[in-house]
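Q: One structure, pasted below without further comment.
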Amino acid sequence: MQLTPTFPEQNISIARVGVIGGGQLAWMMAGEAPSLGLELVVQTPNESDPASPFAAETVLGAIDDATATAQLAKSCQVITFENEFVDLPELAKLERQGVCFRPALKTLEPLLDKYMQRCFLRELGLPVPEFFTLDPGEPIPEVEFPIVMKARRHGYDGQGTAILKDRESLEKTWERWGYPPVILEAFVPFDRELAAIAARNSAGEIAIYPIVETQQEEQVCRRVLAPAEIAPSIVLECEAIARTLLERTQAIGIFGIELFLTPDGKVWVNEIAPRTHNSGHFSLDACRTSQFEQHLRAVSDRPLGSPELLYPGAVMVNLLGYESARDDYCDKRRQLAEIPNARVRWYGKSESRPGRKLGHVTIPLNAPDFQLRKLGLEMAKTVEAIWYG
Ligand code: ADP
């Protein structure tokens, strides 16, 4: 049941939203701001970052530079996040001085460190794989292989996550990473990976997007199929996990919740991202309200929009860098745009590097339910054949 929004009078006037981060997520948010009558101010290290040209103002500063955030706070009513690599204790000082963060720092606190996040999820009674920490200088205990090692902080797009087959590769990988604090967790032999994109606003309204299937290669998301071809009972389970998380953390904004589905029909939580998420990009071109508009609605005290799909299905394919180059890949982008109904989103990054997310393509799918996944995978192949050659 959805609650009728009752917003505190004084917050209705939010007109400028500050975003810590100026990459593609902030860029896509900037594209949605004008339709809500909002302006974005971004804090980002370089003026050439994707969101900067589309923001009303840019504050130059690293993501964890709280002095820059103090400056950002002067030009907006509320501050939100594009990524979670922030300096929480420093931001807490600003919060105590009255700066409004959404989600609130108490929401973020248990989620920023992968070990603390796992402990928190377990306390909430949510299903997570077995895990334990390994600190610098500690001997590696006897473990079963394969095992998954994850840096406790600053991991993204598979950087800081490794699936290890034996003790030697575990030792070598930890050494190569420079012995940061890590968690070791049981490898989940999943059948599929799923994601729930869900939003909550300050009135307690919750909107959950269709549960999607995500496909990762070398720990990086390659494609997303919406909706996931799963039993209705699994959909309900994923939605219940999303609801529990948003309510228990009193979240305000979008959360991306990554899940594993095992062959016996069990759902496990992999990771929570307290922000807009790659697995929700399809919503920009295939849903009534995109995740970026939804996030802005939530953080600016507006009622949430409908997350429904406008088509029977959609597939989203990431365009990952496959070389180090300074190229805008005009020709490939033109070929991709010629795929019927395809929408190409190009992030305008000045440099390409292997594995770097440079853009994505969304294609709406019109087919009977039982053919959507097959069609989605075929369309993804077409996109990838053009992009990777
Ligand atoms: P990142 O924070 O870099 O996105 P994740 O923790 O989401 O890293 O892991 C990236 C990918 O690695 C997952 O999507 C999945 O394919 C694989 N992975 C992560 N943890 C496990 C696990 N416990 N068992 C099996 N595969 C895993």
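If you're wondering about the labels, chains in the structure tokens are A, B, ... by order shown, residues count from 1 in each chain, ligands from 1 in order shown.
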Would you list the contacts of A:Ala325 as a PDB file with N, CA, C and O atoms, in the first residue's frame, taking every protein, DNA or RNA residue within 9 Å and counting only C-alpha atoms, but skipping same-chain residues closer than 5 positions in sequence?
A:
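Resulting contents of selection15.pdb:
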```pdb
ATOM      1  N   SER A 350      36.375  12.244 -22.243  1.00  0.00           N
ATOM      2  CA  SER A 350      37.419  12.655 -23.192  1.00  0.00           C
ATOM      3  C   SER A 350      38.392  11.512 -23.495  1.00  0.00           C
ATOM      4  O   SER A 350      39.087  11.557 -24.490  1.00  0.00           O
ATOM      5  N   GLU A 351      38.419  10.503 -22.652  1.00  0.00           N
ATOM      6  CA  GLU A 351      39.377   9.414 -22.867  1.00  0.00           C
ATOM      7  C   GLU A 351      38.713   8.060 -22.719  1.00  0.00           C
ATOM      8  O   GLU A 351      37.893   7.862 -21.835  1.00  0.00           O
ATOM      9  N   SER A 352      39.116   7.144 -23.589  1.00  0.00           N
ATOM     10  CA  SER A 352      38.628   5.766 -23.481  1.00  0.00           C
ATOM     11  C   SER A 352      39.740   4.905 -22.876  1.00  0.00           C
ATOM     12  O   SER A 352      40.918   5.097 -23.184  1.00  0.00           O
ATOM     13  N   ARG A 353      39.339   3.992 -21.984  1.00  0.00           N
ATOM     14  CA  ARG A 353      40.281   3.019 -21.410  1.00  0.00           C
ATOM     15  C   ARG A 353      39.576   1.680 -21.373  1.00  0.00           C
ATOM     16  O   ARG A 353      38.342   1.640 -21.253  1.00  0.00           O
TER      17      ARG A 353
END
```
Q: Residues near A:Gln71, anyone? I mean within 10 Å using only C-alpha atoms, not counting same-chain ones fewer than 2 positions away, as a compact mmCIF listing (two decimals) with C-alpha atoms, in the first residue's frame.
A:
```
# COMPACT_ATOMS: atom_id res chain seq x y z
CA GLN A 43 31.10 18.79 -7.16
CA VAL A 59 32.42 23.24 -7.66
CA LEU A 60 35.83 21.78 -8.44
CA GLY A 61 36.94 19.22 -5.88
CA ALA A 66 34.53 18.03 2.30
CA THR A 67 35.78 21.62 1.92
CA ALA A 68 34.44 21.56 -1.64
CA THR A 69 31.19 20.08 -0.29
CA ALA A 73 26.19 23.51 0.23
CA LYS A 74 26.15 27.29 -0.22
CA SER A 75 24.54 27.02 -3.66
CA CYS A 76 21.83 24.39 -3.10
```
Q: Please write out the residues within 8 Å of ligand 1 as a compact mmCIF listing (two decimals) with all heavy atoms, in the first residue's frame, counting only C-alpha atoms and all ligand atoms.
A:
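File written: selection-v4.txt
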```txt
# COMPACT_ATOMS: atom_id res chain seq x y z
N PRO A 129 25.73 -14.21 1.57
CA PRO A 129 26.69 -15.33 1.64
C PRO A 129 27.54 -15.22 2.91
O PRO A 129 27.68 -14.13 3.47
CB PRO A 129 27.56 -15.15 0.40
CG PRO A 129 27.05 -13.97 -0.35
CD PRO A 129 25.96 -13.32 0.42
N ILE A 147 36.63 -18.70 -3.89
CA ILE A 147 36.22 -17.72 -2.86
C ILE A 147 36.26 -16.34 -3.51
O ILE A 147 36.98 -16.13 -4.49
CB ILE A 147 37.13 -17.82 -1.62
CG1 ILE A 147 36.43 -17.15 -0.42
CG2 ILE A 147 38.51 -17.20 -1.87
CD1 ILE A 147 36.94 -17.60 0.92
N VAL A 148 35.48 -15.43 -2.95
CA VAL A 148 35.43 -14.08 -3.52
C VAL A 148 36.10 -13.12 -2.54
O VAL A 148 35.77 -13.11 -1.35
CB VAL A 148 33.97 -13.65 -3.80
CG1 VAL A 148 33.94 -12.29 -4.51
CG2 VAL A 148 33.26 -14.69 -4.64
N LYS A 150 36.90 -9.11 -1.72
CA LYS A 150 36.44 -7.76 -2.08
C LYS A 150 37.12 -6.73 -1.19
O LYS A 150 37.16 -6.90 0.03
CB LYS A 150 34.93 -7.64 -1.87
CG LYS A 150 34.12 -8.56 -2.77
CD LYS A 150 32.63 -8.40 -2.57
CE LYS A 150 31.89 -9.30 -3.56
NZ LYS A 150 30.43 -9.19 -3.44
N GLY A 155 35.71 -0.04 -4.13
CA GLY A 155 35.60 -0.96 -5.27
C GLY A 155 34.49 -0.48 -6.19
O GLY A 155 33.49 0.06 -5.75
N TYR A 156 34.67 -0.65 -7.47
CA TYR A 156 33.60 -0.36 -8.43
C TYR A 156 33.91 -1.08 -9.73
O TYR A 156 35.07 -1.35 -10.05
CB TYR A 156 33.46 1.15 -8.69
CG TYR A 156 34.60 1.73 -9.49
CD1 TYR A 156 34.46 1.99 -10.86
CD2 TYR A 156 35.83 1.97 -8.90
CE1 TYR A 156 35.51 2.49 -11.60
CE2 TYR A 156 36.88 2.46 -9.64
CZ TYR A 156 36.72 2.72 -10.99
OH TYR A 156 37.77 3.19 -11.72
N ASP A 157 32.84 -1.39 -10.48
CA ASP A 157 32.97 -2.04 -11.79
C ASP A 157 33.99 -3.17 -11.77
O ASP A 157 34.82 -3.30 -12.68
CB ASP A 157 33.39 -1.02 -12.87
CG ASP A 157 32.25 -0.06 -13.17
OD1 ASP A 157 31.12 -0.31 -12.70
OD2 ASP A 157 32.49 0.93 -13.89
N GLY A 158 33.95 -3.97 -10.73
CA GLY A 158 34.83 -5.13 -10.67
C GLY A 158 36.23 -4.82 -10.17
O GLY A 158 37.00 -5.73 -9.86
N GLN A 159 36.60 -3.52 -10.08
CA GLN A 159 37.90 -3.17 -9.49
C GLN A 159 37.74 -3.38 -7.99
O GLN A 159 36.88 -2.75 -7.37
CB GLN A 159 38.23 -1.69 -9.71
CG GLN A 159 37.96 -1.17 -11.08
CD GLN A 159 39.17 -1.31 -11.97
OE1 GLN A 159 40.28 -1.50 -11.48
NE2 GLN A 159 38.97 -1.23 -13.26
N GLY A 160 38.53 -4.26 -7.44
CA GLY A 160 38.37 -4.51 -6.00
C GLY A 160 37.49 -5.70 -5.71
O GLY A 160 37.10 -5.91 -4.58
N THR A 161 37.15 -6.48 -6.73
CA THR A 161 36.42 -7.75 -6.53
C THR A 161 37.14 -8.81 -7.36
O THR A 161 37.40 -8.59 -8.54
CB THR A 161 34.96 -7.65 -6.99
OG1 THR A 161 34.27 -6.74 -6.15
CG2 THR A 161 34.23 -9.00 -6.91
N ALA A 162 37.48 -9.94 -6.74
CA ALA A 162 38.15 -11.00 -7.49
C ALA A 162 37.59 -12.36 -7.08
O ALA A 162 37.36 -12.60 -5.89
CB ALA A 162 39.65 -10.96 -7.24
N ILE A 163 37.34 -13.20 -8.07
CA ILE A 163 36.90 -14.57 -7.80
C ILE A 163 38.15 -15.44 -7.92
O ILE A 163 38.81 -15.45 -8.96
CB ILE A 163 35.80 -14.98 -8.79
CG1 ILE A 163 34.59 -14.05 -8.59
CG2 ILE A 163 35.39 -16.45 -8.58
CD1 ILE A 163 33.52 -14.15 -9.64
N GLU A 185 34.37 -13.82 0.95
CA GLU A 185 33.01 -14.34 1.07
C GLU A 185 32.80 -15.55 0.18
O GLU A 185 33.49 -15.73 -0.83
CB GLU A 185 31.97 -13.25 0.79
CG GLU A 185 31.84 -12.84 -0.64
CD GLU A 185 30.74 -11.79 -0.85
OE1 GLU A 185 30.45 -11.00 0.06
OE2 GLU A 185 30.19 -11.77 -1.96
N ALA A 186 31.84 -16.37 0.59
CA ALA A 186 31.55 -17.61 -0.14
C ALA A 186 31.12 -17.28 -1.57
O ALA A 186 30.38 -16.32 -1.80
CB ALA A 186 30.43 -18.37 0.57
N PHE A 187 31.62 -18.06 -2.51
CA PHE A 187 31.21 -17.92 -3.91
C PHE A 187 29.79 -18.46 -4.03
O PHE A 187 29.49 -19.57 -3.59
CB PHE A 187 32.18 -18.73 -4.78
CG PHE A 187 31.79 -18.73 -6.24
CD1 PHE A 187 32.13 -17.66 -7.05
CD2 PHE A 187 31.09 -19.79 -6.79
CE1 PHE A 187 31.77 -17.65 -8.39
CE2 PHE A 187 30.73 -19.78 -8.13
CZ PHE A 187 31.07 -18.72 -8.93
N VAL A 188 28.89 -17.65 -4.60
CA VAL A 188 27.50 -18.09 -4.78
C VAL A 188 27.36 -18.64 -6.21
O VAL A 188 27.54 -17.88 -7.18
CB VAL A 188 26.51 -16.92 -4.57
CG1 VAL A 188 25.07 -17.37 -4.79
CG2 VAL A 188 26.68 -16.31 -3.19
N PRO A 189 27.06 -19.93 -6.35
CA PRO A 189 26.94 -20.49 -7.71
C PRO A 189 25.59 -20.11 -8.32
O PRO A 189 24.70 -20.93 -8.45
CB PRO A 189 27.04 -22.00 -7.46
CG PRO A 189 26.56 -22.18 -6.07
CD PRO A 189 26.77 -20.91 -5.31
N PHE A 190 25.47 -18.84 -8.71
CA PHE A 190 24.16 -18.35 -9.13
C PHE A 190 23.79 -18.82 -10.53
O PHE A 190 24.65 -19.12 -11.36
CB PHE A 190 24.11 -16.82 -9.04
CG PHE A 190 25.18 -16.12 -9.85
CD1 PHE A 190 25.06 -15.94 -11.21
CD2 PHE A 190 26.32 -15.63 -9.22
CE1 PHE A 190 26.04 -15.30 -11.94
CE2 PHE A 190 27.31 -14.99 -9.95
CZ PHE A 190 27.17 -14.82 -11.31
N GLU A 193 21.90 -13.27 -12.22
CA GLU A 193 22.02 -12.11 -11.34
C GLU A 193 20.84 -11.19 -11.62
O GLU A 193 20.45 -10.98 -12.79
CB GLU A 193 23.33 -11.38 -11.59
CG GLU A 193 24.52 -12.17 -11.07
CD GLU A 193 25.80 -11.36 -11.08
OE1 GLU A 193 26.00 -10.52 -10.20
OE2 GLU A 193 26.61 -11.59 -11.99
N THR A 214 20.70 -8.89 -14.71
CA THR A 214 21.93 -8.22 -15.14
C THR A 214 22.95 -9.29 -15.52
O THR A 214 22.96 -10.38 -14.93
CB THR A 214 22.52 -7.34 -14.01
OG1 THR A 214 22.97 -8.19 -12.95
CG2 THR A 214 21.51 -6.36 -13.46
N GLN A 215 23.75 -9.00 -16.51
CA GLN A 215 24.78 -9.96 -16.90
C GLN A 215 26.14 -9.29 -16.79
O GLN A 215 26.37 -8.24 -17.39
CB GLN A 215 24.53 -10.45 -18.32
CG GLN A 215 23.22 -11.22 -18.42
CD GLN A 215 23.05 -11.95 -19.75
OE1 GLN A 215 23.73 -11.66 -20.73
NE2 GLN A 215 22.13 -12.90 -19.78
N GLN A 216 27.00 -9.90 -15.99
CA GLN A 216 28.35 -9.37 -15.75
C GLN A 216 29.38 -10.24 -16.46
O GLN A 216 29.19 -11.45 -16.54
CB GLN A 216 28.67 -9.37 -14.25
CG GLN A 216 28.24 -8.14 -13.49
CD GLN A 216 26.73 -7.95 -13.44
OE1 GLN A 216 26.23 -6.88 -13.70
NE2 GLN A 216 25.99 -8.98 -13.13
N GLU A 217 30.44 -9.62 -16.96
CA GLU A 217 31.60 -10.38 -17.44
C GLU A 217 32.81 -9.78 -16.76
O GLU A 217 32.94 -8.55 -16.74
CB GLU A 217 31.71 -10.30 -18.96
CG GLU A 217 30.67 -11.19 -19.63
CD GLU A 217 30.60 -11.02 -21.15
OE1 GLU A 217 31.59 -10.56 -21.75
OE2 GLU A 217 29.54 -11.34 -21.71
N GLU A 218 33.66 -10.64 -16.22
CA GLU A 218 34.80 -10.17 -15.42
C GLU A 218 34.36 -9.10 -14.42
O GLU A 218 34.99 -8.05 -14.28
CB GLU A 218 35.92 -9.68 -16.33
CG GLU A 218 36.59 -10.86 -17.01
CD GLU A 218 37.54 -10.44 -18.11
OE1 GLU A 218 37.98 -9.28 -18.10
OE2 GLU A 218 37.84 -11.29 -18.95
N GLN A 219 33.23 -9.40 -13.76
CA GLN A 219 32.70 -8.56 -12.67
C GLN A 219 32.21 -7.18 -13.14
O GLN A 219 31.98 -6.30 -12.33
CB GLN A 219 33.73 -8.37 -11.53
CG GLN A 219 33.92 -9.59 -10.67
CD GLN A 219 34.87 -10.60 -11.26
OE1 GLN A 219 34.44 -11.61 -11.76
NE2 GLN A 219 36.14 -10.31 -11.18
N VAL A 220 32.09 -6.97 -14.45
CA VAL A 220 31.58 -5.69 -14.94
C VAL A 220 30.26 -5.92 -15.66
O VAL A 220 30.13 -6.85 -16.47
CB VAL A 220 32.58 -5.02 -15.93
CG1 VAL A 220 32.07 -3.64 -16.34
CG2 VAL A 220 33.95 -4.91 -15.31
N CYS A 221 29.28 -5.06 -15.39
CA CYS A 221 27.96 -5.21 -16.01
C CYS A 221 28.07 -5.00 -17.52
O CYS A 221 28.59 -3.99 -17.97
CB CYS A 221 26.99 -4.20 -15.40
SG CYS A 221 25.36 -4.28 -16.17
N GLU A 258 21.69 -5.29 -5.79
CA GLU A 258 22.15 -6.39 -6.64
C GLU A 258 21.88 -7.72 -5.94
O GLU A 258 22.20 -7.86 -4.75
CB GLU A 258 23.65 -6.25 -6.91
CG GLU A 258 24.01 -4.96 -7.63
CD GLU A 258 25.52 -4.77 -7.72
OE1 GLU A 258 26.28 -5.74 -7.56
OE2 GLU A 258 25.94 -3.62 -7.93
N ASN A 270 23.62 -9.42 -2.99
CA ASN A 270 25.03 -9.20 -3.24
C ASN A 270 25.46 -7.85 -2.68
O ASN A 270 26.26 -7.78 -1.75
CB ASN A 270 25.35 -9.29 -4.74
CG ASN A 270 26.81 -8.94 -5.03
OD1 ASN A 270 27.68 -9.09 -4.15
ND2 ASN A 270 27.09 -8.44 -6.21
N GLU A 271 24.88 -6.79 -3.21
CA GLU A 271 25.40 -5.47 -2.83
C GLU A 271 24.33 -4.40 -2.94
O GLU A 271 23.46 -4.48 -3.81
CB GLU A 271 26.54 -5.12 -3.79
CG GLU A 271 27.37 -4.01 -3.29
CD GLU A 271 28.49 -3.63 -4.23
OE1 GLU A 271 28.34 -3.77 -5.44
OE2 GLU A 271 29.51 -3.16 -3.71
```
Q: Residues at most 12 Å from A:Glu171, counting only C-alpha atoms, excluding those fewer than 6 positions away in the same chain, as a list in words?
A: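 The filter keeps Leu134, Glu138, Pro139, Ile140, Pro141, Met149, Ala162, Leu164, Lys165, Trp177, Gly178 and Tyr179 of chain A.
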Q: Could you please take those selected residues and save C-alpha atoms as a tab-separated table (two decimals), in the first residue's frame?
A:
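Output (out.tsv):
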```tsv
chain	number	residue	atom	x	y	z
A	134	LEU	CA	40.89	-10.01	6.57
A	138	GLU	CA	46.76	-10.92	9.27
A	139	PRO	CA	47.61	-14.44	8.08
A	140	ILE	CA	45.21	-15.84	5.48
A	141	PRO	CA	43.22	-18.62	7.16
A	149	MET	CA	37.73	-11.33	-2.22
A	162	ALA	CA	38.15	-11.00	-7.49
A	164	LEU	CA	39.80	-16.78	-6.76
A	165	LYS	CA	40.34	-20.43	-7.54
A	177	TRP	CA	46.10	-4.75	-4.47
A	178	GLY	CA	48.61	-3.56	-1.82
A	179	TYR	CA	47.04	-5.48	1.12
```
Q: Find the residue from A:Ile14, A:Ile20, A:Ala385, A:Met29 that sits nearest to A:Asp65; use only C-alpha atoms when measuring.
A: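 That would be A:Ile20, the residue with the smallest distance to A:Asp65.
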Q: Counting only C-alpha atoms, which of A:Ser306, A:Asn341, A:Asn366, A:Gln335 gets nearest to A:Gly389?
A: A:Gln335
